[in-house]
$ cat target11.cif   # mmCIF, C-alpha atoms
data_run
loop_
_atom_site.label_atom_id
_atom_site.label_comp_id
_atom_site.auth_asym_id
_atom_site.auth_seq_id
_atom_site.Cartn_x
_atom_site.Cartn_y
_atom_site.Cartn_z
CA MET D 1 29.06 -24.99 25.46
CA THR D 2 32.23 -24.48 27.53
CA VAL D 3 35.86 -23.64 26.78
CA GLU D 4 38.99 -24.73 28.71
CA ILE D 5 41.30 -22.06 30.15
CA PRO D 6 44.86 -22.94 28.99
CA GLY D 7 47.16 -24.27 31.74
CA THR D 8 44.45 -24.58 34.38
CA GLY D 9 42.23 -27.41 33.23
CA THR D 10 39.31 -25.20 34.26
CA GLN D 11 36.33 -24.95 32.00
CA THR D 12 34.19 -21.84 31.71
CA PRO D 13 31.02 -21.14 29.73
CA ALA D 14 31.73 -19.82 26.25
CA ASP D 15 30.46 -16.41 25.24
CA PRO D 16 27.25 -16.69 23.23
CA ALA D 17 27.64 -16.21 19.49
CA ASP D 18 26.82 -12.74 18.20
CA THR D 19 23.71 -13.25 16.06
CA ARG D 20 23.17 -9.58 15.29
CA GLN D 21 23.31 -8.21 11.76
CA VAL D 22 24.29 -4.60 12.34
CA ILE D 23 23.83 -2.24 9.40
CA ARG D 24 24.03 1.52 8.92
CA PRO D 25 23.07 3.86 6.07
CA TYR D 26 25.22 4.06 2.95
CA GLY D 27 25.99 7.29 1.10
CA ASP D 28 29.43 7.56 -0.52
CA THR D 29 31.14 4.49 0.96
CA THR D 30 29.78 1.38 2.66
CA GLY D 31 28.81 1.99 6.27
CA ASP D 32 29.55 5.74 6.25
CA GLY D 33 26.15 6.54 7.82
CA MET D 34 25.32 9.26 5.31
CA VAL D 35 21.65 10.04 4.59
CA GLN D 36 19.73 12.57 2.52
CA MET D 37 16.43 14.06 3.61
CA SER D 38 14.05 16.77 2.43
CA PHE D 39 11.59 19.06 4.20
CA THR D 40 9.95 22.48 3.98
CA LEU D 41 10.22 25.25 6.57
CA PRO D 42 7.77 28.19 6.83
CA VAL D 43 10.50 30.84 6.42
CA PRO D 44 11.74 32.95 3.47
CA ALA D 45 14.74 31.57 1.59
CA GLY D 46 18.16 32.91 2.63
CA LYS D 47 21.14 32.30 4.88
CA ARG D 48 19.03 32.49 8.03
CA ALA D 49 16.71 29.87 6.60
CA ASP D 50 19.71 27.65 5.81
CA ALA D 51 20.86 27.99 9.41
CA ALA D 52 17.41 26.96 10.61
CA ALA D 53 17.52 23.88 8.37
CA LEU D 54 20.92 22.88 9.71
CA GLN D 55 19.73 23.34 13.28
CA LEU D 56 16.77 21.07 12.61
CA ALA D 57 19.05 18.50 10.99
CA GLY D 58 21.32 18.57 14.03
CA LYS D 59 18.39 17.97 16.37
CA MET D 60 17.42 14.99 14.22
CA GLY D 61 20.85 13.44 14.71
CA LEU D 62 22.67 14.49 11.54
CA ASP D 63 26.22 15.57 12.43
CA PRO D 64 27.86 16.96 10.41
CA ALA D 65 25.18 18.12 7.98
CA SER D 66 25.05 20.43 4.98
CA VAL D 67 22.30 22.05 2.94
CA VAL D 68 22.78 20.76 -0.60
CA HIS D 69 19.63 22.37 -2.04
CA ALA D 70 17.33 25.20 -1.01
CA LYS D 71 14.48 26.52 -3.14
CA PRO D 72 11.90 29.23 -2.35
CA MET D 73 8.32 27.95 -2.29
CA GLY D 74 6.66 31.33 -2.64
CA PRO D 75 7.71 34.31 -0.49
CA HIS D 76 7.30 32.64 2.92
CA PHE D 77 8.44 29.03 2.54
CA THR D 78 11.67 27.23 1.61
CA PHE D 79 12.21 23.65 0.48
CA PHE D 80 15.47 22.01 1.63
CA ILE D 81 17.51 18.93 0.86
CA VAL D 82 20.03 18.21 3.61
CA TYR D 83 22.88 15.69 3.51
CA GLY D 84 24.53 14.49 6.70
CA LYS D 85 25.82 11.65 8.84
CA VAL D 86 23.88 9.70 11.45
CA GLY D 87 25.31 7.51 14.17
CA HIS D 88 22.33 5.17 14.44
CA LEU D 89 22.71 1.43 13.88
CA ILE D 90 20.06 -1.12 12.86
CA ASP D 91 20.05 -4.78 13.87
CA TYR D 92 18.62 -6.19 10.67
CA ALA D 93 18.48 -9.74 12.07
CA SER D 94 15.97 -8.63 14.72
CA ILE D 95 13.46 -7.36 12.14
CA PRO D 96 10.74 -9.98 11.58
CA VAL D 97 10.04 -11.18 8.06
CA PRO D 98 6.71 -9.68 6.83
CA ALA D 99 3.85 -12.11 6.47
CA GLU D 100 3.40 -13.65 3.05
CA ARG D 101 0.31 -13.02 0.93
CA ALA D 102 -2.56 -15.04 2.39
CA TYR D 103 -3.81 -16.10 -1.03
CA PRO D 104 -2.20 -17.29 -4.28
CA LEU D 105 -1.55 -14.93 -7.16
CA LEU D 106 -3.82 -16.09 -9.98
CA THR D 107 -3.74 -15.71 -13.74
CA SER D 108 -6.67 -14.11 -15.55
CA GLN D 109 -7.69 -17.57 -16.73
CA GLU D 110 -7.81 -18.90 -13.18
CA VAL D 111 -9.79 -15.88 -11.99
CA ASN D 112 -12.34 -16.20 -14.80
CA LEU D 113 -12.81 -19.93 -14.34
CA ALA D 114 -13.22 -19.58 -10.57
CA ILE D 115 -15.84 -16.83 -10.88
CA ARG D 116 -17.74 -18.66 -13.60
CA GLY D 117 -17.80 -21.89 -11.63
CA ALA D 118 -18.79 -20.33 -8.29
CA LEU D 119 -21.19 -17.55 -9.28
CA ASN D 120 -22.50 -18.54 -12.71
CA ARG D 121 -22.59 -14.79 -13.40
CA LYS D 122 -20.15 -11.92 -13.62
CA LEU D 123 -18.54 -10.53 -10.46
CA VAL D 124 -19.49 -6.85 -10.25
CA VAL D 125 -16.90 -4.27 -9.19
CA VAL D 126 -17.64 -0.55 -8.75
CA GLY D 127 -14.63 1.76 -8.49
CA ALA D 128 -14.15 5.47 -7.85
CA CYS D 129 -12.03 8.27 -6.41
CA ILE D 130 -14.13 9.86 -3.69
CA GLY D 131 -14.31 13.32 -2.13
CA THR D 132 -12.30 16.04 -3.82
CA ASP D 133 -9.68 13.56 -5.08
CA ALA D 134 -9.34 14.08 -8.83
CA HIS D 135 -6.40 11.71 -9.32
CA THR D 136 -7.71 8.73 -11.30
CA VAL D 137 -4.28 7.24 -12.02
CA GLY D 138 -4.65 4.70 -9.20
CA ILE D 139 -8.18 3.48 -9.91
CA ASP D 140 -7.51 3.45 -13.66
CA ALA D 141 -4.36 1.36 -13.17
CA ILE D 142 -6.45 -1.35 -11.53
CA LEU D 143 -9.66 -1.13 -13.58
CA ASN D 144 -8.79 0.00 -17.11
CA VAL D 145 -7.82 -2.55 -19.76
CA LYS D 146 -4.40 -0.88 -20.16
CA GLY D 147 -3.66 -1.83 -16.54
CA PHE D 148 -0.37 -1.31 -14.76
CA ALA D 149 3.15 -2.79 -14.65
CA GLY D 150 2.53 -4.91 -17.74
CA GLU D 151 -0.71 -6.39 -16.37
CA LYS D 152 -4.13 -5.74 -17.88
CA GLY D 153 -6.77 -4.20 -15.60
CA LEU D 154 -9.97 -5.81 -14.37
CA GLU D 155 -11.88 -4.72 -17.49
CA TYR D 156 -9.82 -7.36 -19.32
CA TYR D 157 -11.26 -10.16 -17.18
CA ARG D 158 -14.23 -11.69 -19.01
CA GLU D 159 -16.03 -12.66 -15.81
CA ILE D 160 -15.67 -9.29 -14.06
CA GLN D 161 -18.10 -6.46 -14.78
CA VAL D 162 -16.39 -3.14 -14.06
CA VAL D 163 -18.12 0.18 -13.35
CA ASN D 164 -15.52 2.97 -13.16
CA MET D 165 -17.20 6.11 -11.79
CA GLY D 166 -14.07 8.24 -12.16
CA ALA D 167 -13.03 11.14 -9.95
CA GLN D 168 -14.59 13.37 -7.29
CA VAL D 169 -17.46 10.99 -6.60
CA THR D 170 -19.45 11.69 -3.44
CA VAL D 171 -19.93 8.93 -0.91
CA ALA D 172 -23.70 9.10 -1.41
CA GLU D 173 -23.28 8.66 -5.19
CA LEU D 174 -20.96 5.69 -4.65
CA VAL D 175 -23.37 3.94 -2.28
CA GLU D 176 -26.30 4.55 -4.61
CA ARG D 177 -24.43 3.20 -7.66
CA ALA D 178 -23.12 0.18 -5.78
CA LYS D 179 -26.68 -0.71 -4.73
CA ALA D 180 -28.02 -0.15 -8.23
CA GLU D 181 -25.36 -2.42 -9.74
CA ASP D 182 -25.70 -4.99 -6.94
CA ALA D 183 -21.93 -4.72 -6.54
CA ASP D 184 -19.89 -7.54 -5.07
CA ALA D 185 -16.98 -5.21 -4.33
CA VAL D 186 -16.30 -1.48 -4.15
CA LEU D 187 -12.78 -0.26 -4.97
CA VAL D 188 -11.79 3.24 -3.84
CA SER D 189 -8.51 4.99 -4.70
CA GLN D 190 -7.22 7.87 -2.56
CA VAL D 191 -4.12 9.74 -3.69
CA VAL D 192 -4.64 13.14 -2.04
CA THR D 193 -3.28 12.85 1.52
CA GLN D 194 -3.05 16.46 2.76
CA ARG D 195 -4.40 16.75 6.30
CA ASN D 196 -5.15 13.00 6.17
CA ALA D 197 -7.96 13.54 3.67
CA HIS D 198 -7.53 9.94 2.49
CA LEU D 199 -8.27 8.62 5.98
CA HIS D 200 -11.26 10.88 6.59
CA ASN D 201 -12.78 10.06 3.19
CA THR D 202 -12.29 6.33 3.64
CA LYS D 203 -13.84 6.31 7.12
CA GLN D 204 -16.81 8.30 5.81
CA MET D 205 -17.24 5.86 2.93
CA ALA D 206 -17.02 2.80 5.17
CA ALA D 207 -19.49 4.25 7.67
CA ALA D 208 -21.98 4.97 4.90
CA PHE D 209 -21.86 1.39 3.58
CA HIS D 210 -22.13 -0.11 7.06
CA ALA D 211 -25.16 2.10 7.71
CA GLU D 212 -26.74 1.18 4.36
CA TYR D 213 -26.29 -2.55 5.03
CA PRO D 214 -26.94 -2.79 8.80
CA THR D 215 -27.65 -6.54 8.78
CA SER D 216 -24.54 -7.55 6.83
CA VAL D 217 -22.23 -10.12 8.36
CA ALA D 218 -19.10 -9.05 6.49
CA GLY D 219 -17.85 -7.89 3.13
CA GLY D 220 -19.43 -10.06 0.44
CA MET D 221 -21.98 -11.32 2.97
CA GLY D 222 -24.78 -8.79 2.94
CA ARG D 223 -22.80 -5.80 1.65
CA PRO D 224 -20.12 -5.17 -0.97
CA LEU D 225 -16.52 -5.94 -0.12
CA LEU D 226 -14.83 -2.60 0.67
CA VAL D 227 -11.33 -2.22 -0.78
CA VAL D 228 -9.23 0.95 -0.60
CA GLY D 229 -5.84 1.73 -2.09
CA GLY D 230 -3.30 4.54 -2.17
CA PRO D 231 0.27 5.52 -1.29
CA ARG D 232 -0.23 6.57 2.33
CA PHE D 233 -2.25 3.86 4.05
CA ASP D 234 0.76 2.12 5.61
CA THR D 235 0.17 3.63 9.07
CA VAL D 236 -3.37 2.29 9.55
CA SER D 237 -5.15 -1.06 9.50
CA GLU D 238 -8.41 -2.25 7.97
CA ALA D 239 -10.03 -2.18 11.41
CA ASP D 240 -9.03 1.47 11.85
CA LEU D 241 -10.88 2.47 8.69
CA GLY D 242 -13.77 0.01 8.66
CA VAL D 243 -12.83 -1.58 5.33
CA ASP D 244 -12.08 -5.16 4.33
CA ARG D 245 -8.74 -4.64 2.59
CA ILE D 246 -6.07 -1.97 2.11
CA PHE D 247 -3.69 -2.05 -0.85
CA GLY D 248 -0.57 0.12 -0.93
CA LYS D 249 1.60 1.59 -3.66
CA GLY D 250 2.73 -0.74 -6.42
CA THR D 251 -0.34 -2.99 -6.23
CA THR D 252 -1.10 -4.68 -9.55
CA PRO D 253 -4.46 -5.67 -11.07
CA ALA D 254 -3.65 -9.37 -10.65
CA GLU D 255 -3.20 -8.91 -6.91
CA VAL D 256 -6.61 -7.24 -6.63
CA ALA D 257 -8.34 -9.82 -8.82
CA SER D 258 -6.76 -12.66 -6.83
CA TYR D 259 -7.91 -11.09 -3.57
CA LEU D 260 -11.48 -10.76 -4.85
CA VAL D 261 -11.52 -14.48 -5.65
CA HIS D 262 -10.05 -15.27 -2.23
CA ALA D 263 -12.47 -13.05 -0.32
CA LEU D 264 -15.70 -13.53 -2.24
CA LEU D 265 -15.73 -17.13 -3.46
CA PRO D 266 -16.17 -20.28 -1.33
CA ALA D 267 -12.88 -22.02 -0.59
CA ALA D 268 -13.95 -25.08 -2.59
CA ASP D 269 -14.28 -22.96 -5.73
CA ARG D 270 -10.89 -21.24 -5.53
CA PRO D 271 -7.88 -22.49 -7.52
CA ALA D 272 -5.41 -24.53 -5.48
CA ASP D 273 -2.35 -22.69 -4.19
CA ASP D 274 -0.03 -25.05 -6.10
CA ASP D 275 -1.82 -24.57 -9.42
CA ASP D 276 0.94 -23.64 -11.84
CA GLU D 277 -1.12 -22.71 -14.87
CA ASP D 278 0.14 -19.40 -16.21
CA GLU D 279 -1.40 -19.14 -19.64
CA ASP D 280 -3.99 -16.38 -19.95
CA GLU D 281 -7.39 -17.16 -21.35
CA ASP D 282 -8.04 -15.88 -24.89
CA GLU D 283 -10.34 -12.90 -24.64
#

$ encode --input "target11.cif" --output "structure tokens"
Amino acid sequence: MTVEIPGTGTQTPADPADTRQVIRPYGDTTGDGMVQMSFTLPVPAGKRADAAALQLAGKMGLDPASVVHAKPMGPHFTFFIVYGKVGHLIDYASIPVPAERAYPLLTSQEVNLAIRGALNRKLVVVGACIGTDAHTVGIDAILNVKGFAGEKGLEYYREIQVVNMGAQVTVAELVERAKAEDADAVLVSQVVTQRNAHLHNTKQMAAAFHAEYPTSVAGGMGRPLLVVGGPRFDTVSEADLGVDRIFGKGTTPAEVASYLVHALLPAADRPADDDDEDEDEDE
């Protein structure tokens, strides 16, 4: 595209259109760049500690910044909340749209019918919290009938047999139980993340299953499908951990059930993506 320079008859290339979508953080007024952050420093609470927090905030690009909350965490640590302004801009238009779910979200009726038609038996799922993790809220949200976010858990599905081993299960116990139950899938929840315990535990679990099923081709083909979930797995991939699927925070039972159908059943036996049935089967 060109534009004509007035009075000269000369044409010159037009400037390209600005396709950026520049955004900045919002605090009190739109575009003011204000952000709030929290952290803990290994120093006793006091004015010197506040000064250290402000210095750290300044090095992170907050200018000006203020300490809006400081609380002692024992005699040698202080927790801070700092509020300040950043000058950084984000081009939102340049951020790629995340990939869509690779499988359709199914109703309980669709899941049950697919499993019954493909397997002619119940699909067996063994779940647990492994290592020292005693937080069963994640595994219970997916497995227990009460479920999560208004959705019933996998125990509600007539064609899924659920074995919930609970908390602080050793990897050896999990492997042994999965073999005894002839499990199609193993679901592991990891909430404790200190010192990357969730990553170490998951790698140990995956290694144990791969060693126990050395001739397996993949999950569901010679060994159970390995599924792990928790709030801090967003920095790693399935290949990093040796598992078949990672689910993050906010995952619902229907998403897990739909994935099991997608991963374990032949394509011909899965419900079509455009199937719009949404009425649950009477249980």

$ closest_atom_pairs --input "target11.cif" --of "stretch 164-267 of chain D" --to "stretch 144-157 of chain D" --cutoff "9 Å" --atoms "only C-alpha atoms" --output "JSON lines"
{"residue": "D:Asn164", "atom": "CA", "partner": "D:Asn144", "partner_atom": "CA", "distance": 8.3}
{"residue": "D:Gly250", "atom": "CA", "partner": "D:Ala149", "partner_atom": "CA", "distance": 8.5}
{"residue": "D:Thr251", "atom": "CA", "partner": "D:Phe148", "partner_atom": "CA", "distance": 8.7}
{"residue": "D:Thr252", "atom": "CA", "partner": "D:Phe148", "partner_atom": "CA", "distance": 6.2}
{"residue": "D:Pro253", "atom": "CA", "partner": "D:Gly153", "partner_atom": "CA", "distance": 5.3}
{"residue": "D:Ala254", "atom": "CA", "partner": "D:Glu151", "partner_atom": "CA", "distance": 7.1}
{"residue": "D:Val256", "atom": "CA", "partner": "D:Leu154", "partner_atom": "CA", "distance": 8.6}
{"residue": "D:Ala257", "atom": "CA", "partner": "D:Leu154", "partner_atom": "CA", "distance": 7.0}

$ atom_distance --input "target11.cif" --atom1 "atom CA of D:Asp63" --atom2 "atom CA of D:Val86"
6.4 Å

$ closest_residue --input "target11.cif" --among "D:Leu89, D:Leu56, D:Ile160, D:Val227" --to "D:Tyr26" --atoms "all atoms listed in the file"
D:Leu89

$ atom_distance --input "target11.cif" --atom1 "atom CA of D:Gly117" --atom2 "atom CA of D:Pro104"
17.8 Å

$ atom_distance --input "target11.cif" --atom1 "atom CA of D:Gly31" --atom2 "atom CA of D:Ala65"
16.6 Å

$ resolve_selection --input "target11.cif" --expression "the PyMOL selection byres ((chain D and resi 121) around 12)" --output "ChimeraX atom specification"
/D:112-120,122-124,158-161,184

$ resolve_selection --input "target11.cif" --expression "the PyMOL selection byres ((chain D and resi 20) around 8)" --output "ChimeraX atom specification"
/D:18-19,21-22,91-94

$ resolve_selection --input "target11.cif" --expression "the PyMOL selection byres ((chain D and resi 131) around 9)" --output "number ranges by chain"
D: 129-130, 132-134, 167-171, 190, 197-198, 201

$ write_last_selection --input "target11.cif" --atoms "C-alpha atoms" --output "CSV table (one decimal), keeping the file's coordinate frame"
chain,number,residue,atom,x,y,z
D,129,CYS,CA,-12.0,8.3,-6.4
D,130,ILE,CA,-14.1,9.9,-3.7
D,132,THR,CA,-12.3,16.0,-3.8
D,133,ASP,CA,-9.7,13.6,-5.1
D,134,ALA,CA,-9.3,14.1,-8.8
D,167,ALA,CA,-13.0,11.1,-10.0
D,168,GLN,CA,-14.6,13.4,-7.3
D,169,VAL,CA,-17.5,11.0,-6.6
D,170,THR,CA,-19.4,11.7,-3.4
D,171,VAL,CA,-19.9,8.9,-0.9
D,190,GLN,CA,-7.2,7.9,-2.6
D,197,ALA,CA,-8.0,13.5,3.7
D,198,HIS,CA,-7.5,9.9,2.5
D,201,ASN,CA,-12.8,10.1,3.2

$ closest_residue --input "target11.cif" --among "D:Ile90, D:Leu62, D:Ala141, D:Ala70" --to "D:Ile23" --atoms "only C-alpha atoms"
D:Ile90

$ closest_residue --input "target11.cif" --among "D:Gln194, D:Val137, D:Thr235, D:Val125" --to "D:Leu264" --atoms "all atoms listed in the file"
D:Val125

$ residues_near_point --input "target11.cif" --point "(-20.3, 3.3, 5.6)" --cutoff "12 Å" --atoms "all atoms listed in the file" --output "ChimeraX atom specification"
/D:171-172,174-176,186,200-214,216,219,223-226,241-244

$ residues_around --input "target11.cif" --residues "D:Gly46" --least-positions-apart "3" --cutoff "9 Å" --atoms "all atoms listed in the file" --output "list in words"
Val43, Ala49, Asp50, Ala51, Ala70, Pro72 and Thr78 of chain D

$ residues_around --input "target11.cif" --residues "D:Val126" --least-positions-apart "3" --cutoff "7 Å" --atoms "all atoms listed in the file" --output "PDB file with C-alpha atoms, in the frame of the given file"
ATOM      1  CA  VAL D 162     -16.390  -3.140 -14.060  1.00  0.00           C
ATOM      2  CA  VAL D 163     -18.120   0.180 -13.350  1.00  0.00           C
ATOM      3  CA  ASN D 164     -15.520   2.970 -13.160  1.00  0.00           C
ATOM      4  CA  ALA D 178     -23.120   0.180  -5.780  1.00  0.00           C
ATOM      5  CA  ALA D 183     -21.930  -4.720  -6.540  1.00  0.00           C
ATOM      6  CA  ALA D 185     -16.980  -5.210  -4.330  1.00  0.00           C
ATOM      7  CA  VAL D 186     -16.300  -1.480  -4.150  1.00  0.00           C
ATOM      8  CA  LEU D 187     -12.780  -0.260  -4.970  1.00  0.00           C
TER       9      LEU D 187
END

$ closest_residue --input "target11.cif" --among "D:Met37, D:Leu199, D:Leu265, D:Ala102" --to "D:Glu238" --atoms "all atoms listed in the file"
D:Leu199

$ build_atoms --input "target11.cif" --residues "stretch 126-160 of chain D" --atoms "N, CA and C atoms" --output "PDB file, in the frame of the given file"
ATOM      1  N   VAL D 126     -17.448  -1.987  -8.552  1.00  0.00           N
ATOM      2  CA  VAL D 126     -17.640  -0.550  -8.750  1.00  0.00           C
ATOM      3  C   VAL D 126     -16.438   0.174  -8.157  1.00  0.00           C
ATOM      4  N   GLY D 127     -15.813   1.045  -8.950  1.00  0.00           N
ATOM      5  CA  GLY D 127     -14.630   1.760  -8.490  1.00  0.00           C
ATOM      6  C   GLY D 127     -14.783   3.260  -8.637  1.00  0.00           C
ATOM      7  N   ALA D 128     -14.053   4.009  -7.792  1.00  0.00           N
ATOM      8  CA  ALA D 128     -14.150   5.470  -7.850  1.00  0.00           C
ATOM      9  C   ALA D 128     -13.040   6.110  -7.025  1.00  0.00           C
ATOM     10  N   CYS D 129     -12.794   7.396  -7.296  1.00  0.00           N
ATOM     11  CA  CYS D 129     -12.030   8.270  -6.410  1.00  0.00           C
ATOM     12  C   CYS D 129     -13.062   9.146  -5.715  1.00  0.00           C
ATOM     13  N   ILE D 130     -13.064   9.175  -4.404  1.00  0.00           N
ATOM     14  CA  ILE D 130     -14.130   9.860  -3.690  1.00  0.00           C
ATOM     15  C   ILE D 130     -13.659  11.207  -3.121  1.00  0.00           C
ATOM     16  N   GLY D 131     -14.626  12.004  -2.675  1.00  0.00           N
ATOM     17  CA  GLY D 131     -14.310  13.320  -2.130  1.00  0.00           C
ATOM     18  C   GLY D 131     -13.821  14.254  -3.212  1.00  0.00           C
ATOM     19  N   THR D 132     -12.854  15.086  -2.866  1.00  0.00           N
ATOM     20  CA  THR D 132     -12.300  16.040  -3.820  1.00  0.00           C
ATOM     21  C   THR D 132     -11.135  15.463  -4.614  1.00  0.00           C
ATOM     22  N   ASP D 133     -10.823  14.190  -4.400  1.00  0.00           N
ATOM     23  CA  ASP D 133      -9.680  13.560  -5.080  1.00  0.00           C
ATOM     24  C   ASP D 133      -9.960  13.422  -6.571  1.00  0.00           C
ATOM     25  N   ALA D 134      -9.161  14.108  -7.375  1.00  0.00           N
ATOM     26  CA  ALA D 134      -9.340  14.080  -8.830  1.00  0.00           C
ATOM     27  C   ALA D 134      -8.276  13.234  -9.520  1.00  0.00           C
ATOM     28  N   HIS D 135      -7.495  12.486  -8.759  1.00  0.00           N
ATOM     29  CA  HIS D 135      -6.400  11.710  -9.320  1.00  0.00           C
ATOM     30  C   HIS D 135      -6.884  10.291  -9.640  1.00  0.00           C
ATOM     31  N   THR D 136      -7.172  10.034 -10.903  1.00  0.00           N
ATOM     32  CA  THR D 136      -7.710   8.730 -11.300  1.00  0.00           C
ATOM     33  C   THR D 136      -6.617   7.733 -11.677  1.00  0.00           C
ATOM     34  N   VAL D 137      -5.356   8.126 -11.577  1.00  0.00           N
ATOM     35  CA  VAL D 137      -4.280   7.240 -12.020  1.00  0.00           C
ATOM     36  C   VAL D 137      -4.310   5.912 -11.266  1.00  0.00           C
ATOM     37  N   GLY D 138      -4.634   5.935  -9.982  1.00  0.00           N
ATOM     38  CA  GLY D 138      -4.650   4.700  -9.200  1.00  0.00           C
ATOM     39  C   GLY D 138      -5.791   3.778  -9.561  1.00  0.00           C
ATOM     40  N   ILE D 139      -7.018   4.319  -9.604  1.00  0.00           N
ATOM     41  CA  ILE D 139      -8.180   3.480  -9.910  1.00  0.00           C
ATOM     42  C   ILE D 139      -8.118   3.005 -11.358  1.00  0.00           C
ATOM     43  N   ASP D 140      -7.629   3.860 -12.261  1.00  0.00           N
ATOM     44  CA  ASP D 140      -7.510   3.450 -13.660  1.00  0.00           C
ATOM     45  C   ASP D 140      -6.472   2.347 -13.838  1.00  0.00           C
ATOM     46  N   ALA D 141      -5.398   2.388 -13.073  1.00  0.00           N
ATOM     47  CA  ALA D 141      -4.360   1.360 -13.170  1.00  0.00           C
ATOM     48  C   ALA D 141      -4.913  -0.018 -12.837  1.00  0.00           C
ATOM     49  N   ILE D 142      -5.881  -0.070 -11.936  1.00  0.00           N
ATOM     50  CA  ILE D 142      -6.450  -1.350 -11.530  1.00  0.00           C
ATOM     51  C   ILE D 142      -7.625  -1.752 -12.430  1.00  0.00           C
ATOM     52  N   LEU D 143      -8.429  -0.796 -12.863  1.00  0.00           N
ATOM     53  CA  LEU D 143      -9.660  -1.130 -13.580  1.00  0.00           C
ATOM     54  C   LEU D 143      -9.516  -1.121 -15.098  1.00  0.00           C
ATOM     55  N   ASN D 144      -8.836  -0.139 -15.654  1.00  0.00           N
ATOM     56  CA  ASN D 144      -8.790   0.000 -17.110  1.00  0.00           C
ATOM     57  C   ASN D 144      -8.061  -1.164 -17.781  1.00  0.00           C
ATOM     58  N   VAL D 145      -8.440  -1.451 -19.012  1.00  0.00           N
ATOM     59  CA  VAL D 145      -7.820  -2.550 -19.760  1.00  0.00           C
ATOM     60  C   VAL D 145      -6.305  -2.369 -19.836  1.00  0.00           C
ATOM     61  N   LYS D 146      -5.840  -1.125 -20.013  1.00  0.00           N
ATOM     62  CA  LYS D 146      -4.400  -0.880 -20.160  1.00  0.00           C
ATOM     63  C   LYS D 146      -3.630  -1.304 -18.918  1.00  0.00           C
ATOM     64  N   GLY D 147      -4.257  -1.273 -17.744  1.00  0.00           N
ATOM     65  CA  GLY D 147      -3.660  -1.830 -16.540  1.00  0.00           C
ATOM     66  C   GLY D 147      -2.448  -1.096 -16.019  1.00  0.00           C
ATOM     67  N   PHE D 148      -1.522  -1.879 -15.453  1.00  0.00           N
ATOM     68  CA  PHE D 148      -0.370  -1.310 -14.760  1.00  0.00           C
ATOM     69  C   PHE D 148       0.731  -2.356 -14.672  1.00  0.00           C
ATOM     70  N   ALA D 149       1.975  -1.922 -14.814  1.00  0.00           N
ATOM     71  CA  ALA D 149       3.150  -2.790 -14.650  1.00  0.00           C
ATOM     72  C   ALA D 149       3.095  -4.016 -15.561  1.00  0.00           C
ATOM     73  N   GLY D 150       2.588  -3.811 -16.786  1.00  0.00           N
ATOM     74  CA  GLY D 150       2.530  -4.910 -17.740  1.00  0.00           C
ATOM     75  C   GLY D 150       1.349  -5.845 -17.555  1.00  0.00           C
ATOM     76  N   GLU D 151       0.468  -5.560 -16.606  1.00  0.00           N
ATOM     77  CA  GLU D 151      -0.710  -6.390 -16.370  1.00  0.00           C
ATOM     78  C   GLU D 151      -1.961  -5.641 -16.821  1.00  0.00           C
ATOM     79  N   LYS D 152      -2.870  -6.348 -17.457  1.00  0.00           N
ATOM     80  CA  LYS D 152      -4.130  -5.740 -17.880  1.00  0.00           C
ATOM     81  C   LYS D 152      -5.044  -5.568 -16.675  1.00  0.00           C
ATOM     82  N   GLY D 153      -5.869  -4.492 -16.711  1.00  0.00           N
ATOM     83  CA  GLY D 153      -6.770  -4.200 -15.600  1.00  0.00           C
ATOM     84  C   GLY D 153      -7.979  -5.115 -15.572  1.00  0.00           C
ATOM     85  N   LEU D 154      -8.841  -4.903 -14.587  1.00  0.00           N
ATOM     86  CA  LEU D 154      -9.970  -5.810 -14.370  1.00  0.00           C
ATOM     87  C   LEU D 154     -10.967  -5.797 -15.516  1.00  0.00           C
ATOM     88  N   GLU D 155     -11.002  -4.738 -16.324  1.00  0.00           N
ATOM     89  CA  GLU D 155     -11.880  -4.720 -17.490  1.00  0.00           C
ATOM     90  C   GLU D 155     -11.522  -5.827 -18.488  1.00  0.00           C
ATOM     91  N   TYR D 156     -10.281  -6.294 -18.429  1.00  0.00           N
ATOM     92  CA  TYR D 156      -9.820  -7.360 -19.320  1.00  0.00           C
ATOM     93  C   TYR D 156     -10.391  -8.719 -18.937  1.00  0.00           C
ATOM     94  N   TYR D 157     -10.776  -8.877 -17.661  1.00  0.00           N
ATOM     95  CA  TYR D 157     -11.260 -10.160 -17.180  1.00  0.00           C
ATOM     96  C   TYR D 157     -12.704 -10.377 -17.647  1.00  0.00           C
ATOM     97  N   ARG D 158     -12.922 -11.448 -18.400  1.00  0.00           N
ATOM     98  CA  ARG D 158     -14.230 -11.690 -19.010  1.00  0.00           C
ATOM     99  C   ARG D 158     -15.328 -11.840 -17.965  1.00  0.00           C
ATOM    100  N   GLU D 159     -15.019 -12.380 -16.816  1.00  0.00           N
ATOM    101  CA  GLU D 159     -16.030 -12.660 -15.810  1.00  0.00           C
ATOM    102  C   GLU D 159     -16.166 -11.565 -14.751  1.00  0.00           C
ATOM    103  N   ILE D 160     -15.539 -10.426 -14.982  1.00  0.00           N
ATOM    104  CA  ILE D 160     -15.670  -9.290 -14.060  1.00  0.00           C
ATOM    105  C   ILE D 160     -16.329  -8.127 -14.792  1.00  0.00           C
TER     106      ILE D 160
END
